[in-house]
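Chemist: Pasting a structure here, questions to come.
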Amino acid sequence: MRYYSLNDSTHTASFAEATIEGQGMDKGLYFPQTIPFFHKGFFQDITQYTREEIAFMVLHPYVKDDLPDEELTRIVSETINFSIPLVQVSNDIFCLELFHGPTQAFKDVGARFMSRCLGYFVRNNNKEVTVLVATSGDTGGAVANGFYGVEGVNVIILYPSGKVSPVQELQLTTLGGNITALEVAGNFDDCQALVKQAFSDNQLKEHLFLTSANSINVARWLPQQVYYFLAWQQWPYKSNPPVVSVPSGNFGNICAGLLAFKSGLPVRRFIAACNANDVVPHYLANGRYNPQKAIATLSNAMDVGDPSNWVRIRQLFENNLESLRSSVLAESITDRETLSTIEQVYKQHHYTLDPHGAVGYTALAHYLENVEDQKGYFLETAHPIKFYETIEPAIGNSIDKSIVHSLLTKKKTSIKISPDYTQLKDFLLANAR
């Protein structure tokens with residue numbers, strides 16, 4: 001499998017090269033030259049396979065030229081060695097719980113897969129790899145955990161000061177070792193812009209072996225397909241494909257789901273559930289794509305005003321707006337609606353949502369109210385404990401904090417910088433190894 005840059009289709013790379021480079025020299029995101037297709041028999045027989053076998057079959061076409069089968073088997077087994085259950089919340093709504101990994105967030109899947117792939121690809125390098133990543137919340141903790149202690153890899157995480165939850169901040173600032181956290185006086189878009197500028201800086205590349213661990217990296221993006229297949233394995237209504245509601249910020253998660261859909265996965269429709277950062281809902285409504293400055297919300301991991309992966313979604317639908325609209329709709333949910341949903345679902349169904357899952361649930365519930373005989377699931381992308389300071393007042397009850405008790409006793413260590421590229425570049429050069 002080769003991958004081409006979405007800025008220049010003549011620029012191609014292997015999976016290993018795309019993983020190490022992060023993005024093309026022309027700043028384009030890598031995209032697979034072909035999309036594998038699974039026939040109906042695979043989906044009809046999917047309950048006969050183990051979770052590891054499903055992950056192997058889904059990812060094998062994308063990586064087989066660069067990863068031996070035994071290595072891919074090891075990597076997928078270590079990537080999904082935790083539960084990913086589909087849980088019924090109400091008569092028509094289910095929840096795909098993606099928070100049972102080590103950092104209680106869906107990004108554990110992509111970060112664990114990528115860290116192991118990158119470790120394998122650079123095992124014989126004599127120069128340290130610097131992973132540079134921007135986070136709006138959960139990516140930082142997942143990447144920190146996934147790469148912690150990986151030999152030959154140095155990780156630098158940029159996060160917006162005051163705009164991540166206390167638990168999220170501790171997860172990315174307390175490991176030390178090969179993990180460094182840069183606290184940026186700005187928003188996520190500022191952090192992402194700094195990272196993108198670093199990757200386009202040829203002078204910096206002369207001194208550093210740079211790659212990214214955001215979902216712009218194919219090794220972070222592609223494995224997220226797996227849990228959509230696992231959801232179908234558990235879906236109880238095989239004759240009635242689900243509506244899938246995905247909390248969407250940088251759009252890597254829903255993009256992976258749409259890639260699975262293009263590979264034959266039975267899905268009736270996708271909902272891009274957004275918060276006040278509503279660039280995509282506006283685009284689907286009026287056909288005009290106008291990136292905006294990110295707005296801070298309760299669902300902070302989705303506070304993205306210029307989602308990087310939107311270009312991949314458009315490519316999946318060959319830049320045909322009507323084709324995209326036939327499969328994807330989008331809705332913007334307010335913080336007030338988010339809190340109301342958390343309260344109502346807790347009282348009516350005894351289920352505790354995090355703010356991101358609440359956005360997904362609300363958008364799905366709105367859609368199902370207006371159709372007949374359809375059911376669906378939403379993605380619960382983070383454990384409620386990561387947002388206890390928001391959730392506890394909403395439900396009028398305390399959340400068991402035992403799973404993060406040891407984390408809450410730790411002290412964060414971060415380096416504060418302004419959203420000025422010169423500061424980031426000086427830091428990277430001063431710490432080049």
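Note on naming: chains are A, B, ... as they come in the structure tokens, residues start from 1 per chain, ligands start from 1 in the order shown.
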From a DSSP pass on the backbone, collect the residues of stretch 105-317 of chain A flagged as strand (DSSP E) and hand them back as number ranges by chain.
Modeler: A: 129-134, 153-160, 179-184, 209-212, 243-247, 269-274
Chemist: If you keep C-alpha atoms, can you produce a file of those selected residues as a short mmCIF file (atom, residue, chain, number, x, y, z; two decimals), in the first residue's frame?
Modeler:
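Output file part39.cif follows:
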```cif
data_model
loop_
_atom_site.label_atom_id
_atom_site.label_comp_id
_atom_site.auth_asym_id
_atom_site.auth_seq_id
_atom_site.Cartn_x
_atom_site.Cartn_y
_atom_site.Cartn_z
CA VAL A 129 13.01 10.71 16.73
CA THR A 130 11.14 13.72 18.10
CA VAL A 131 7.37 13.28 18.21
CA LEU A 132 5.75 16.71 18.18
CA VAL A 133 2.05 16.75 19.00
CA ALA A 134 -0.67 19.30 19.73
CA VAL A 153 11.76 8.51 20.81
CA ASN A 154 11.45 11.93 22.45
CA VAL A 155 7.90 13.31 22.82
CA ILE A 156 6.98 17.01 23.05
CA ILE A 157 3.31 17.83 23.69
CA LEU A 158 1.81 21.29 23.18
CA TYR A 159 -1.43 22.00 25.03
CA PRO A 160 -3.53 25.16 25.56
CA ILE A 179 7.83 13.16 27.70
CA THR A 180 7.90 17.00 27.78
CA ALA A 181 4.80 19.19 28.06
CA LEU A 182 4.74 22.73 26.65
CA GLU A 183 1.90 24.83 28.08
CA VAL A 184 0.88 27.33 25.40
CA PHE A 209 14.11 13.90 13.08
CA LEU A 210 10.52 15.14 13.44
CA THR A 211 7.22 13.28 13.24
CA SER A 212 3.68 13.87 14.51
CA VAL A 243 -26.91 5.48 12.87
CA VAL A 244 -23.50 6.43 14.31
CA SER A 245 -23.00 9.70 16.17
CA VAL A 246 -19.39 10.77 16.63
CA PRO A 247 -18.26 13.65 18.87
CA ARG A 269 -25.72 7.33 8.47
CA PHE A 270 -23.03 9.20 10.37
CA ILE A 271 -23.67 12.25 12.53
CA ALA A 272 -20.81 14.65 13.17
CA ALA A 273 -21.78 15.84 16.64
CA CYS A 274 -20.09 19.19 17.23
#
```
Chemist: Return as an mmCIF file with N, CA and C atoms, in the first residue's frame the full set of residues in stretch 183-401 of chain A whose backbone-based DSSP assignment is helix (DSSP H, G or I).
Modeler:
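Produced file states.cif, reproduced below:
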```
data_model
loop_
_atom_site.group_PDB
_atom_site.id
_atom_site.type_symbol
_atom_site.label_atom_id
_atom_site.label_comp_id
_atom_site.auth_asym_id
_atom_site.auth_seq_id
_atom_site.Cartn_x
_atom_site.Cartn_y
_atom_site.Cartn_z
ATOM 1 N N PHE A 188 -6.234 25.536 21.174
ATOM 2 C CA PHE A 188 -5.714 24.377 20.457
ATOM 3 C C PHE A 188 -5.264 24.738 19.049
ATOM 4 N N ASP A 189 -6.005 25.579 18.375
ATOM 5 C CA ASP A 189 -5.621 25.967 17.014
ATOM 6 C C ASP A 189 -4.234 26.613 16.999
ATOM 7 N N ASP A 190 -3.900 27.370 18.052
ATOM 8 C CA ASP A 190 -2.555 27.951 18.165
ATOM 9 C C ASP A 190 -1.511 26.841 18.279
ATOM 10 N N CYS A 191 -1.821 25.851 19.114
ATOM 11 C CA CYS A 191 -0.887 24.723 19.287
ATOM 12 C C CYS A 191 -0.700 23.973 17.973
ATOM 13 N N GLN A 192 -1.809 23.711 17.289
ATOM 14 C CA GLN A 192 -1.747 22.976 16.027
ATOM 15 C C GLN A 192 -0.987 23.768 14.970
ATOM 16 N N ALA A 193 -1.166 25.085 14.944
ATOM 17 C CA ALA A 193 -0.460 25.924 13.976
ATOM 18 C C ALA A 193 1.046 25.889 14.221
ATOM 19 N N LEU A 194 1.450 25.888 15.496
ATOM 20 C CA LEU A 194 2.881 25.819 15.833
ATOM 21 C C LEU A 194 3.485 24.509 15.344
ATOM 22 N N VAL A 195 2.757 23.418 15.563
ATOM 23 C CA VAL A 195 3.249 22.105 15.138
ATOM 24 C C VAL A 195 3.379 22.058 13.616
ATOM 25 N N LYS A 196 2.376 22.547 12.917
ATOM 26 C CA LYS A 196 2.420 22.534 11.449
ATOM 27 C C LYS A 196 3.574 23.387 10.926
ATOM 28 N N GLN A 197 3.828 24.501 11.588
ATOM 29 C CA GLN A 197 4.928 25.364 11.152
ATOM 30 C C GLN A 197 6.272 24.679 11.366
ATOM 31 N N ALA A 198 6.381 23.956 12.461
ATOM 32 C CA ALA A 198 7.628 23.231 12.727
ATOM 33 C C ALA A 198 7.903 22.191 11.644
ATOM 34 N N PHE A 199 6.861 21.523 11.190
ATOM 35 C CA PHE A 199 7.047 20.493 10.174
ATOM 36 C C PHE A 199 7.417 21.073 8.811
ATOM 37 N N ASN A 202 12.468 23.816 7.195
ATOM 38 C CA ASN A 202 13.583 23.003 6.701
ATOM 39 C C ASN A 202 14.827 23.119 7.579
ATOM 40 N N GLN A 203 15.063 24.290 8.136
ATOM 41 C CA GLN A 203 16.206 24.459 9.021
ATOM 42 C C GLN A 203 16.074 23.564 10.252
ATOM 43 N N LEU A 204 14.871 23.489 10.787
ATOM 44 C CA LEU A 204 14.630 22.640 11.954
ATOM 45 C C LEU A 204 14.840 21.175 11.607
ATOM 46 N N LYS A 205 14.410 20.792 10.431
ATOM 47 C CA LYS A 205 14.547 19.394 10.018
ATOM 48 C C LYS A 205 16.005 18.968 9.866
ATOM 49 N N GLU A 206 16.892 19.927 9.643
ATOM 50 C CA GLU A 206 18.314 19.592 9.543
ATOM 51 C C GLU A 206 18.872 19.134 10.888
ATOM 52 N N HIS A 207 18.244 19.565 11.965
ATOM 53 C CA HIS A 207 18.738 19.244 13.300
ATOM 54 C C HIS A 207 17.897 18.193 14.018
ATOM 55 N N VAL A 218 -0.983 8.858 9.652
ATOM 56 C CA VAL A 218 -1.781 7.701 9.249
ATOM 57 C C VAL A 218 -1.771 6.597 10.303
ATOM 58 N N ALA A 219 -0.688 6.463 11.050
ATOM 59 C CA ALA A 219 -0.610 5.416 12.058
ATOM 60 C C ALA A 219 -1.476 5.724 13.276
ATOM 61 N N ARG A 220 -1.876 6.972 13.455
ATOM 62 C CA ARG A 220 -2.832 7.346 14.494
ATOM 63 C C ARG A 220 -4.262 7.246 13.977
ATOM 64 N N TRP A 221 -4.431 7.589 12.706
ATOM 65 C CA TRP A 221 -5.767 7.662 12.127
ATOM 66 C C TRP A 221 -6.338 6.286 11.777
ATOM 67 N N LEU A 222 -5.574 5.476 11.057
ATOM 68 C CA LEU A 222 -6.089 4.216 10.514
ATOM 69 C C LEU A 222 -6.603 3.231 11.565
ATOM 70 N N PRO A 223 -5.915 3.025 12.700
ATOM 71 C CA PRO A 223 -6.400 2.020 13.655
ATOM 72 C C PRO A 223 -7.725 2.374 14.311
ATOM 73 N N GLN A 224 -8.156 3.639 14.221
ATOM 74 C CA GLN A 224 -9.429 4.012 14.820
ATOM 75 C C GLN A 224 -10.607 3.369 14.095
ATOM 76 N N GLN A 225 -10.367 2.857 12.882
ATOM 77 C CA GLN A 225 -11.406 2.087 12.196
ATOM 78 C C GLN A 225 -11.847 0.883 12.995
ATOM 79 N N VAL A 226 -10.910 0.304 13.733
ATOM 80 C CA VAL A 226 -11.126 -1.006 14.339
ATOM 81 C C VAL A 226 -12.344 -1.020 15.251
ATOM 82 N N TYR A 227 -12.506 0.025 16.085
ATOM 83 C CA TYR A 227 -13.615 -0.081 17.040
ATOM 84 C C TYR A 227 -14.977 0.098 16.385
ATOM 85 N N TYR A 228 -15.047 0.629 15.170
ATOM 86 C CA TYR A 228 -16.319 0.643 14.453
ATOM 87 C C TYR A 228 -16.686 -0.781 14.000
ATOM 88 N N PHE A 229 -15.686 -1.544 13.592
ATOM 89 C CA PHE A 229 -15.917 -2.956 13.256
ATOM 90 C C PHE A 229 -16.314 -3.745 14.500
ATOM 91 N N LEU A 230 -15.680 -3.450 15.639
ATOM 92 C CA LEU A 230 -16.014 -4.137 16.879
ATOM 93 C C LEU A 230 -17.423 -3.768 17.347
ATOM 94 N N ALA A 231 -17.848 -2.546 17.067
ATOM 95 C CA ALA A 231 -19.217 -2.148 17.394
ATOM 96 C C ALA A 231 -20.216 -2.970 16.579
ATOM 97 N N TRP A 232 -19.905 -3.160 15.277
ATOM 98 C CA TRP A 232 -20.788 -3.975 14.431
ATOM 99 C C TRP A 232 -20.817 -5.417 14.915
ATOM 100 N N GLN A 233 -19.699 -5.923 15.373
ATOM 101 C CA GLN A 233 -19.654 -7.284 15.923
ATOM 102 C C GLN A 233 -20.653 -7.435 17.071
ATOM 103 N N GLN A 234 -20.818 -6.374 17.858
ATOM 104 C CA GLN A 234 -21.705 -6.418 19.028
ATOM 105 C C GLN A 234 -23.113 -5.894 18.737
ATOM 106 N N GLY A 252 -10.663 13.379 13.021
ATOM 107 C CA GLY A 252 -9.951 12.142 12.724
ATOM 108 C C GLY A 252 -10.780 10.918 13.052
ATOM 109 N N ASN A 253 -11.557 10.988 14.134
ATOM 110 C CA ASN A 253 -12.339 9.846 14.592
ATOM 111 C C ASN A 253 -13.456 9.496 13.612
ATOM 112 N N ILE A 254 -14.266 10.468 13.258
ATOM 113 C CA ILE A 254 -15.342 10.201 12.306
ATOM 114 C C ILE A 254 -14.776 9.882 10.922
ATOM 115 N N CYS A 255 -13.628 10.437 10.598
ATOM 116 C CA CYS A 255 -12.988 10.128 9.312
ATOM 117 C C CYS A 255 -12.593 8.656 9.245
ATOM 118 N N ALA A 256 -12.128 8.111 10.363
ATOM 119 C CA ALA A 256 -11.803 6.683 10.416
ATOM 120 C C ALA A 256 -13.067 5.847 10.253
ATOM 121 N N GLY A 257 -14.164 6.289 10.874
ATOM 122 C CA GLY A 257 -15.422 5.580 10.716
ATOM 123 C C GLY A 257 -15.919 5.610 9.283
ATOM 124 N N LEU A 258 -15.752 6.743 8.631
ATOM 125 C CA LEU A 258 -16.165 6.856 7.235
ATOM 126 C C LEU A 258 -15.285 6.010 6.322
ATOM 127 N N LEU A 259 -14.012 5.872 6.674
ATOM 128 C CA LEU A 259 -13.136 4.986 5.909
ATOM 129 C C LEU A 259 -13.621 3.542 6.048
ATOM 130 N N ALA A 260 -14.012 3.141 7.257
ATOM 131 C CA ALA A 260 -14.565 1.801 7.471
ATOM 132 C C ALA A 260 -15.856 1.622 6.668
ATOM 133 N N PHE A 261 -16.673 2.664 6.635
ATOM 134 C CA PHE A 261 -17.918 2.648 5.857
ATOM 135 C C PHE A 261 -17.628 2.448 4.370
ATOM 136 N N LYS A 262 -16.621 3.137 3.855
ATOM 137 C CA LYS A 262 -16.231 2.981 2.458
ATOM 138 C C LYS A 262 -15.661 1.588 2.184
ATOM 139 N N VAL A 279 -17.883 24.798 12.330
ATOM 140 C CA VAL A 279 -17.458 25.027 10.948
ATOM 141 C C VAL A 279 -18.074 23.995 10.002
ATOM 142 N N VAL A 280 -18.059 22.723 10.396
ATOM 143 C CA VAL A 280 -18.574 21.673 9.518
ATOM 144 C C VAL A 280 -20.091 21.690 9.412
ATOM 145 N N PRO A 281 -20.850 21.845 10.504
ATOM 146 C CA PRO A 281 -22.305 21.989 10.329
ATOM 147 C C PRO A 281 -22.680 23.112 9.371
ATOM 148 N N HIS A 282 -21.968 24.236 9.440
ATOM 149 C CA HIS A 282 -22.249 25.340 8.516
ATOM 150 C C HIS A 282 -21.913 24.944 7.076
ATOM 151 N N TYR A 283 -20.803 24.226 6.910
ATOM 152 C CA TYR A 283 -20.406 23.820 5.558
ATOM 153 C C TYR A 283 -21.449 22.890 4.939
ATOM 154 N N LEU A 284 -21.918 21.912 5.712
ATOM 155 C CA LEU A 284 -22.900 20.980 5.169
ATOM 156 C C LEU A 284 -24.230 21.670 4.896
ATOM 157 N N ALA A 285 -24.490 22.757 5.614
ATOM 158 C CA ALA A 285 -25.739 23.488 5.409
ATOM 159 C C ALA A 285 -25.695 24.406 4.201
ATOM 160 N N ASN A 286 -24.553 25.100 4.010
ATOM 161 C CA ASN A 286 -24.526 26.125 2.954
ATOM 162 C C ASN A 286 -23.409 25.955 1.923
ATOM 163 N N ASN A 300 -13.997 20.097 25.740
ATOM 164 C CA ASN A 300 -12.802 20.807 25.284
ATOM 165 C C ASN A 300 -11.993 20.082 24.219
ATOM 166 N N ALA A 301 -12.028 18.756 24.206
ATOM 167 C CA ALA A 301 -11.239 18.024 23.212
ATOM 168 C C ALA A 301 -11.764 18.244 21.802
ATOM 169 N N MET A 302 -12.954 18.846 21.692
ATOM 170 C CA MET A 302 -13.553 19.124 20.399
ATOM 171 C C MET A 302 -13.468 20.603 20.039
ATOM 172 N N TRP A 310 -10.607 17.231 7.947
ATOM 173 C CA TRP A 310 -11.729 17.475 7.052
ATOM 174 C C TRP A 310 -11.326 17.259 5.595
ATOM 175 N N VAL A 311 -10.082 17.548 5.263
ATOM 176 C CA VAL A 311 -9.618 17.356 3.890
ATOM 177 C C VAL A 311 -9.653 15.879 3.513
ATOM 178 N N ARG A 312 -9.408 14.991 4.482
ATOM 179 C CA ARG A 312 -9.487 13.552 4.192
ATOM 180 C C ARG A 312 -10.944 13.128 3.963
ATOM 181 N N ILE A 313 -11.849 13.673 4.747
ATOM 182 C CA ILE A 313 -13.258 13.324 4.571
ATOM 183 C C ILE A 313 -13.744 13.768 3.196
ATOM 184 N N ARG A 314 -13.361 14.937 2.796
ATOM 185 C CA ARG A 314 -13.764 15.412 1.467
ATOM 186 C C ARG A 314 -13.182 14.499 0.383
ATOM 187 N N GLN A 315 -11.960 14.024 0.591
ATOM 188 C CA GLN A 315 -11.345 13.125 -0.380
ATOM 189 C C GLN A 315 -12.097 11.798 -0.456
ATOM 190 N N LEU A 316 -12.551 11.297 0.698
ATOM 191 C CA LEU A 316 -13.313 10.050 0.718
ATOM 192 C C LEU A 316 -14.564 10.145 -0.154
ATOM 193 N N LEU A 321 -20.040 17.408 -2.584
ATOM 194 C CA LEU A 321 -20.816 17.825 -1.418
ATOM 195 C C LEU A 321 -22.105 17.027 -1.273
ATOM 196 N N GLU A 322 -22.809 16.785 -2.356
ATOM 197 C CA GLU A 322 -24.073 16.054 -2.267
ATOM 198 C C GLU A 322 -23.848 14.614 -1.834
ATOM 199 N N SER A 323 -22.788 14.006 -2.323
ATOM 200 C CA SER A 323 -22.457 12.647 -1.902
ATOM 201 C C SER A 323 -22.138 12.608 -0.407
ATOM 202 N N LEU A 324 -21.401 13.596 0.052
ATOM 203 C CA LEU A 324 -21.069 13.700 1.473
ATOM 204 C C LEU A 324 -22.333 13.880 2.310
ATOM 205 N N ARG A 325 -23.213 14.743 1.875
ATOM 206 C CA ARG A 325 -24.454 14.989 2.610
ATOM 207 C C ARG A 325 -25.336 13.746 2.701
ATOM 208 N N SER A 326 -25.237 12.864 1.719
ATOM 209 C CA SER A 326 -26.073 11.665 1.723
ATOM 210 C C SER A 326 -25.656 10.687 2.813
ATOM 211 N N SER A 327 -24.431 10.815 3.299
ATOM 212 C CA SER A 327 -23.926 9.889 4.314
ATOM 213 C C SER A 327 -23.656 10.540 5.662
ATOM 214 N N ASP A 335 -23.318 24.197 25.193
ATOM 215 C CA ASP A 335 -22.940 23.751 26.532
ATOM 216 C C ASP A 335 -24.179 23.549 27.409
ATOM 217 N N ARG A 336 -25.153 24.404 27.238
ATOM 218 C CA ARG A 336 -26.382 24.269 28.028
ATOM 219 C C ARG A 336 -27.083 22.942 27.726
ATOM 220 N N GLU A 337 -27.166 22.593 26.442
ATOM 221 C CA GLU A 337 -27.745 21.303 26.059
ATOM 222 C C GLU A 337 -26.908 20.149 26.583
ATOM 223 N N THR A 338 -25.598 20.319 26.561
ATOM 224 C CA THR A 338 -24.698 19.281 27.039
ATOM 225 C C THR A 338 -24.962 18.973 28.507
ATOM 226 N N LEU A 339 -25.020 19.992 29.327
ATOM 227 C CA LEU A 339 -25.279 19.806 30.758
ATOM 228 C C LEU A 339 -26.674 19.217 30.992
ATOM 229 N N SER A 340 -27.656 19.686 30.246
ATOM 230 C CA SER A 340 -29.010 19.166 30.387
ATOM 231 C C SER A 340 -29.072 17.676 30.057
ATOM 232 N N THR A 341 -28.363 17.278 29.000
ATOM 233 C CA THR A 341 -28.331 15.867 28.607
ATOM 234 C C THR A 341 -27.660 15.019 29.678
ATOM 235 N N ILE A 342 -26.547 15.486 30.214
ATOM 236 C CA ILE A 342 -25.853 14.746 31.281
ATOM 237 C C ILE A 342 -26.811 14.500 32.446
ATOM 238 N N GLU A 343 -27.548 15.541 32.825
ATOM 239 C CA GLU A 343 -28.494 15.430 33.937
ATOM 240 C C GLU A 343 -29.635 14.473 33.611
ATOM 241 N N GLN A 344 -30.240 14.629 32.438
ATOM 242 C CA GLN A 344 -31.408 13.831 32.085
ATOM 243 C C GLN A 344 -31.067 12.352 31.917
ATOM 244 N N VAL A 345 -29.962 12.058 31.234
ATOM 245 C CA VAL A 345 -29.585 10.659 31.003
ATOM 246 C C VAL A 345 -29.239 9.979 32.323
ATOM 247 N N TYR A 346 -28.611 10.705 33.221
ATOM 248 C CA TYR A 346 -28.289 10.139 34.539
ATOM 249 C C TYR A 346 -29.568 9.816 35.308
ATOM 250 N N LYS A 347 -30.531 10.721 35.286
ATOM 251 C CA LYS A 347 -31.765 10.520 36.036
ATOM 252 C C LYS A 347 -32.670 9.462 35.398
ATOM 253 N N GLN A 348 -32.754 9.476 34.076
ATOM 254 C CA GLN A 348 -33.693 8.586 33.399
ATOM 255 C C GLN A 348 -33.127 7.195 33.133
ATOM 256 N N HIS A 349 -31.836 7.130 32.847
ATOM 257 C CA HIS A 349 -31.244 5.849 32.425
ATOM 258 C C HIS A 349 -30.110 5.380 33.334
ATOM 259 N N PRO A 355 -18.844 15.126 28.904
ATOM 260 C CA PRO A 355 -19.378 16.186 28.021
ATOM 261 C C PRO A 355 -19.318 15.848 26.536
ATOM 262 N N HIS A 356 -18.280 15.125 26.102
ATOM 263 C CA HIS A 356 -18.160 14.791 24.684
ATOM 264 C C HIS A 356 -19.208 13.753 24.289
ATOM 265 N N GLY A 357 -19.362 12.725 25.124
ATOM 266 C CA GLY A 357 -20.393 11.738 24.871
ATOM 267 C C GLY A 357 -21.781 12.354 24.904
ATOM 268 N N ALA A 358 -21.971 13.346 25.778
ATOM 269 C CA ALA A 358 -23.268 14.012 25.859
ATOM 270 C C ALA A 358 -23.601 14.740 24.563
ATOM 271 N N VAL A 359 -22.593 15.326 23.935
ATOM 272 C CA VAL A 359 -22.801 15.969 22.635
ATOM 273 C C VAL A 359 -23.225 14.920 21.609
ATOM 274 N N GLY A 360 -22.536 13.773 21.606
ATOM 275 C CA GLY A 360 -22.875 12.697 20.681
ATOM 276 C C GLY A 360 -24.271 12.143 20.931
ATOM 277 N N TYR A 361 -24.616 11.939 22.202
ATOM 278 C CA TYR A 361 -25.939 11.420 22.554
ATOM 279 C C TYR A 361 -27.030 12.386 22.115
ATOM 280 N N THR A 362 -26.846 13.668 22.400
ATOM 281 C CA THR A 362 -27.861 14.669 22.081
ATOM 282 C C THR A 362 -28.141 14.729 20.585
ATOM 283 N N ALA A 363 -27.087 14.772 19.793
ATOM 284 C CA ALA A 363 -27.263 14.830 18.338
ATOM 285 C C ALA A 363 -27.975 13.580 17.818
ATOM 286 N N LEU A 364 -27.625 12.418 18.373
ATOM 287 C CA LEU A 364 -28.266 11.176 17.953
ATOM 288 C C LEU A 364 -29.738 11.160 18.363
ATOM 289 N N ALA A 365 -30.025 11.579 19.587
ATOM 290 C CA ALA A 365 -31.410 11.604 20.063
ATOM 291 C C ALA A 365 -32.262 12.539 19.208
ATOM 292 N N HIS A 366 -31.708 13.687 18.853
ATOM 293 C CA HIS A 366 -32.433 14.625 17.993
ATOM 294 C C HIS A 366 -32.769 13.977 16.645
ATOM 295 N N TYR A 367 -31.819 13.262 16.076
ATOM 296 C CA TYR A 367 -32.043 12.628 14.774
ATOM 297 C C TYR A 367 -33.112 11.534 14.872
ATOM 298 N N LEU A 368 -33.008 10.691 15.894
ATOM 299 C CA LEU A 368 -33.924 9.559 16.009
ATOM 300 C C LEU A 368 -35.353 9.992 16.311
ATOM 301 N N PRO A 384 -16.035 9.694 32.251
ATOM 302 C CA PRO A 384 -16.565 10.863 32.970
ATOM 303 C C PRO A 384 -15.626 11.383 34.061
ATOM 304 N N ILE A 385 -14.784 10.524 34.628
ATOM 305 C CA ILE A 385 -13.889 10.957 35.702
ATOM 306 C C ILE A 385 -12.969 12.082 35.246
ATOM 307 N N LYS A 386 -12.700 12.160 33.954
ATOM 308 C CA LYS A 386 -11.793 13.188 33.452
ATOM 309 C C LYS A 386 -12.421 14.581 33.488
ATOM 310 N N PHE A 387 -13.743 14.601 33.747
ATOM 311 C CA PHE A 387 -14.462 15.881 33.771
ATOM 312 C C PHE A 387 -15.373 15.963 34.997
ATOM 313 N N TYR A 388 -14.889 15.404 36.104
ATOM 314 C CA TYR A 388 -15.720 15.334 37.303
ATOM 315 C C TYR A 388 -16.170 16.710 37.778
ATOM 316 N N GLU A 389 -15.332 17.728 37.556
ATOM 317 C CA GLU A 389 -15.673 19.067 38.037
ATOM 318 C C GLU A 389 -16.873 19.650 37.283
ATOM 319 N N THR A 390 -17.148 19.129 36.089
ATOM 320 C CA THR A 390 -18.327 19.537 35.322
ATOM 321 C C THR A 390 -19.514 18.623 35.587
ATOM 322 N N ILE A 391 -19.257 17.337 35.688
ATOM 323 C CA ILE A 391 -20.329 16.348 35.757
ATOM 324 C C ILE A 391 -20.991 16.273 37.131
ATOM 325 N N GLU A 392 -20.211 16.336 38.186
ATOM 326 C CA GLU A 392 -20.776 16.167 39.526
ATOM 327 C C GLU A 392 -21.882 17.181 39.833
ATOM 328 N N PRO A 393 -21.699 18.482 39.526
ATOM 329 C CA PRO A 393 -22.808 19.422 39.762
ATOM 330 C C PRO A 393 -24.032 19.113 38.900
ATOM 331 N N ALA A 394 -23.798 18.580 37.685
ATOM 332 C CA ALA A 394 -24.909 18.307 36.776
ATOM 333 C C ALA A 394 -25.766 17.140 37.256
ATOM 334 N N ILE A 395 -25.130 16.108 37.808
ATOM 335 C CA ILE A 395 -25.883 14.920 38.239
ATOM 336 C C ILE A 395 -26.237 14.970 39.721
#
```
Chemist: What separation in Å, quoted to one decimal, exists between atom CA of A:Glu151 and atom CA of A:Ser77?
Modeler: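 It comes out at 20.3 Å.
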Chemist: Need the shell around A:Lys410: protein/DNA/RNA residues with any atom at most 9 Å away, counting only C-alpha atoms. Skip same-chain ones fewer than 4 positions apart. Format as a list in words?
Modeler: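 Everything that qualifies: Leu170, Thr174 and Ser406 of chain A.
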Chemist: Write out, as a PDB file, in the first residue's frame, the residues just selected, with N, CA and C atoms.
Modeler:
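Below you can see selection.pdb, which holds the result:
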```pdb
ATOM      1  N   LEU A 170      -2.899  16.509  34.110  1.00  0.00           N
ATOM      2  CA  LEU A 170      -1.996  15.676  34.896  1.00  0.00           C
ATOM      3  C   LEU A 170      -1.506  14.476  34.093  1.00  0.00           C
ATOM      4  N   THR A 174       2.882  14.701  33.975  1.00  0.00           N
ATOM      5  CA  THR A 174       3.457  14.093  35.183  1.00  0.00           C
ATOM      6  C   THR A 174       4.362  12.887  34.930  1.00  0.00           C
ATOM      7  N   SER A 406      -4.226   8.036  42.286  1.00  0.00           N
ATOM      8  CA  SER A 406      -2.774   8.242  42.351  1.00  0.00           C
ATOM      9  C   SER A 406      -2.350   9.405  41.460  1.00  0.00           C
TER      10      SER A 406
END
```
Chemist: From the list A:Val267, A:Ser83, A:His11, A:Phe113, which residue is nearest A:Phe99 when using only C-alpha atoms?
Modeler: A:Ser83
Chemist: For A:Phe427, list every protein, DNA or RNA residue within 10 Å, evaluated using only C-alpha atoms, and leave out those in the same chain fewer than 5 positions away; present the list as a list in words.
Modeler: Leu182, Ile415, Ile417, Tyr421, Thr422 and Ala432 of chain A
Chemist: Go ahead and save the residues from that selection, with C-alpha atoms, as an mmCIF file, in the first residue's frame.
Modeler:
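Written output follows (result-v2.cif):
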```cif
data_model
loop_
_atom_site.group_PDB
_atom_site.id
_atom_site.type_symbol
_atom_site.label_atom_id
_atom_site.label_comp_id
_atom_site.auth_asym_id
_atom_site.auth_seq_id
_atom_site.Cartn_x
_atom_site.Cartn_y
_atom_site.Cartn_z
ATOM 1 C CA LEU A 182 4.735 22.728 26.654
ATOM 2 C CA ILE A 415 7.168 24.635 30.346
ATOM 3 C CA ILE A 417 5.491 29.371 26.120
ATOM 4 C CA TYR A 421 6.864 29.982 16.735
ATOM 5 C CA THR A 422 10.265 31.459 17.572
ATOM 6 C CA ALA A 432 17.959 18.516 19.916
#
```
Chemist: If you count only C-alpha atoms, which residues fall within 7 Å of stretch 64-68 of chain A, apart from same-chain ones fewer than 6 positions away, as a count of residues only?
Modeler: 3
Chemist: Taking only C-alpha atoms into account, which of A:Phe94, A:Tyr237, A:Phe147, A:Phe42 comes nearest A:Gly110?
Modeler: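 When distances to A:Gly110 are compared using only C-alpha atoms, the smallest one comes from A:Phe147.
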